[in-house]
Amino acid sequence: MEKNFSGYCRVQDGPRLVFLEEDGGAWEADCNYGGCAYESECPIGREITQFLKQQEEKQP
């Protein structure tokens with residue numbers, strides 16, 4: 001499964017499209033999600049976090 005998110009990226013100082021892919025039950029982003037210095041203020045990171053929480057809630 002694949003999901004994408006778009007928004008402002010402070011690292012690149014501009015718009016960014018981030019792809020999130022599921023591989024064997026683990027989700028991987030094509031950005032530094034989970035380790036970015038600007039993660040606390042990243043709109044893309046917030047969207048990814050919210051999406052992942054929703055996915056966890058769907059798990060039996």
# chains A, B, ... in the order shown; residues from 1 in each chain; ligands from 1
$ residues_around --residues "range 23-28 of chain A" --least-positions-apart "3" --cutoff "12 Å" --atoms "only C-alpha atoms" --output "PyMOL selection string"
chain A and resi 1-4+18-20+31-34+48-49+51-53+55-56+59
$ select_by_dssp --residues "range 17-56 of chain A" --states "strand (DSSP E or B)" --output "ChimeraX atom specification"
/A:17-23,26-29
$ write_last_selection --atoms "all heavy atoms" --output "compact mmCIF listing (two decimals), in the first residue's frame"
# COMPACT_ATOMS: atom_id res chain seq x y z
N LEU A 17 6.51 16.59 -1.70
CA LEU A 17 5.60 15.46 -1.78
C LEU A 17 6.33 14.27 -1.18
O LEU A 17 7.42 13.91 -1.63
CB LEU A 17 5.20 15.17 -3.23
CG LEU A 17 4.26 14.00 -3.48
CD1 LEU A 17 2.92 14.22 -2.79
CD2 LEU A 17 4.06 13.79 -4.97
N VAL A 18 5.75 13.68 -0.13
CA VAL A 18 6.37 12.56 0.57
C VAL A 18 5.53 11.31 0.34
O VAL A 18 4.32 11.34 0.50
CB VAL A 18 6.48 12.84 2.09
CG1 VAL A 18 6.99 11.63 2.84
CG2 VAL A 18 7.39 14.03 2.34
N PHE A 19 6.20 10.24 -0.04
CA PHE A 19 5.54 8.95 -0.23
C PHE A 19 5.77 8.08 0.98
O PHE A 19 6.88 7.99 1.50
CB PHE A 19 6.05 8.25 -1.49
CG PHE A 19 5.62 8.92 -2.74
CD1 PHE A 19 6.41 9.88 -3.34
CD2 PHE A 19 4.41 8.60 -3.33
CE1 PHE A 19 6.01 10.52 -4.49
CE2 PHE A 19 4.00 9.24 -4.48
CZ PHE A 19 4.80 10.19 -5.06
N LEU A 20 4.71 7.42 1.43
CA LEU A 20 4.76 6.50 2.54
C LEU A 20 4.35 5.14 2.00
O LEU A 20 3.29 5.00 1.40
CB LEU A 20 3.78 6.97 3.62
CG LEU A 20 3.78 6.27 4.95
CD1 LEU A 20 5.10 6.50 5.68
CD2 LEU A 20 2.64 6.77 5.82
N GLU A 21 5.22 4.15 2.16
CA GLU A 21 4.95 2.82 1.63
C GLU A 21 4.93 1.79 2.74
O GLU A 21 5.74 1.85 3.66
CB GLU A 21 6.02 2.42 0.62
CG GLU A 21 5.97 3.18 -0.67
CD GLU A 21 6.95 2.61 -1.68
OE1 GLU A 21 6.57 1.64 -2.35
OE2 GLU A 21 8.06 3.15 -1.76
N GLU A 22 4.02 0.84 2.60
CA GLU A 22 3.95 -0.26 3.54
C GLU A 22 4.68 -1.45 2.94
O GLU A 22 4.43 -1.83 1.80
CB GLU A 22 2.50 -0.64 3.84
CG GLU A 22 2.38 -1.74 4.85
CD GLU A 22 0.94 -2.15 5.07
OE1 GLU A 22 0.11 -1.97 4.17
OE2 GLU A 22 0.66 -2.68 6.16
N ASP A 23 5.58 -2.01 3.72
CA ASP A 23 6.35 -3.17 3.27
C ASP A 23 6.39 -4.18 4.41
O ASP A 23 7.07 -3.96 5.41
CB ASP A 23 7.76 -2.76 2.86
CG ASP A 23 8.56 -3.90 2.29
OD1 ASP A 23 7.95 -4.89 1.83
OD2 ASP A 23 9.81 -3.82 2.30
N ALA A 26 5.40 -2.80 7.89
CA ALA A 26 6.13 -1.61 8.36
C ALA A 26 5.97 -0.49 7.33
O ALA A 26 5.99 -0.73 6.13
CB ALA A 26 7.60 -1.93 8.55
N TRP A 27 5.81 0.71 7.82
CA TRP A 27 5.65 1.87 6.95
C TRP A 27 6.98 2.63 6.86
O TRP A 27 7.63 2.84 7.88
CB TRP A 27 4.57 2.81 7.50
CG TRP A 27 3.19 2.24 7.35
CD1 TRP A 27 2.52 1.49 8.26
CD2 TRP A 27 2.32 2.39 6.24
NE1 TRP A 27 1.28 1.17 7.78
CE2 TRP A 27 1.14 1.71 6.54
CE3 TRP A 27 2.43 3.03 5.01
CZ2 TRP A 27 0.06 1.65 5.66
CZ3 TRP A 27 1.35 2.98 4.15
CH2 TRP A 27 0.19 2.29 4.47
N GLU A 28 7.34 3.02 5.65
CA GLU A 28 8.56 3.78 5.44
C GLU A 28 8.26 5.01 4.61
O GLU A 28 7.59 4.94 3.58
CB GLU A 28 9.61 2.94 4.72
CG GLU A 28 10.13 1.79 5.55
CD GLU A 28 11.27 1.07 4.86
OE1 GLU A 28 11.99 1.70 4.06
OE2 GLU A 28 11.41 -0.13 5.12
N ALA A 29 8.77 6.16 5.05
CA ALA A 29 8.59 7.43 4.34
C ALA A 29 9.87 7.74 3.56
O ALA A 29 10.96 7.36 3.97
CB ALA A 29 8.30 8.55 5.32
$ residues_around --residues "Val11 in chain A" --least-positions-apart "5" --cutoff "9 Å" --atoms "only C-alpha atoms" --output "list of chain:residue names"
A:Cys36, A:Ala37, A:Tyr38
$ write_last_selection --atoms "N, CA, C and O atoms" --output "mmCIF file, in the first residue's frame"
data_model
loop_
_atom_site.group_PDB
_atom_site.id
_atom_site.type_symbol
_atom_site.label_atom_id
_atom_site.label_comp_id
_atom_site.auth_asym_id
_atom_site.auth_seq_id
_atom_site.Cartn_x
_atom_site.Cartn_y
_atom_site.Cartn_z
ATOM 1 N N CYS A 36 13.786 13.816 11.829
ATOM 2 C CA CYS A 36 14.012 15.157 11.299
ATOM 3 C C CYS A 36 14.128 16.179 12.437
ATOM 4 O O CYS A 36 13.373 16.136 13.407
ATOM 5 N N ALA A 37 15.057 17.090 12.285
ATOM 6 C CA ALA A 37 15.257 18.134 13.297
ATOM 7 C C ALA A 37 14.041 19.058 13.420
ATOM 8 O O ALA A 37 13.833 19.675 14.462
ATOM 9 N N TYR A 38 13.232 19.148 12.377
ATOM 10 C CA TYR A 38 12.066 20.038 12.371
ATOM 11 C C TYR A 38 10.752 19.279 12.550
ATOM 12 O O TYR A 38 9.679 19.821 12.311
#
$ select_by_dssp --residues "range 11-55 of chain A" --states "alpha helix (DSSP H)" --output "PyMOL selection string"
chain A and resi 43-55
$ atom_distance --atom1 "CA of Pro15 in chain A" --atom2 "CA of Glu47 in chain A"
14.6 Å
$ atom_distance --atom1 "CA of Gly7 in chain A" --atom2 "CA of Ile44 in chain A"
5.7 Å
$ residues_around --residues "Cys42 in chain A" --least-positions-apart "3" --cutoff "8 Å" --atoms "only C-alpha atoms" --output "count of residues only"
7
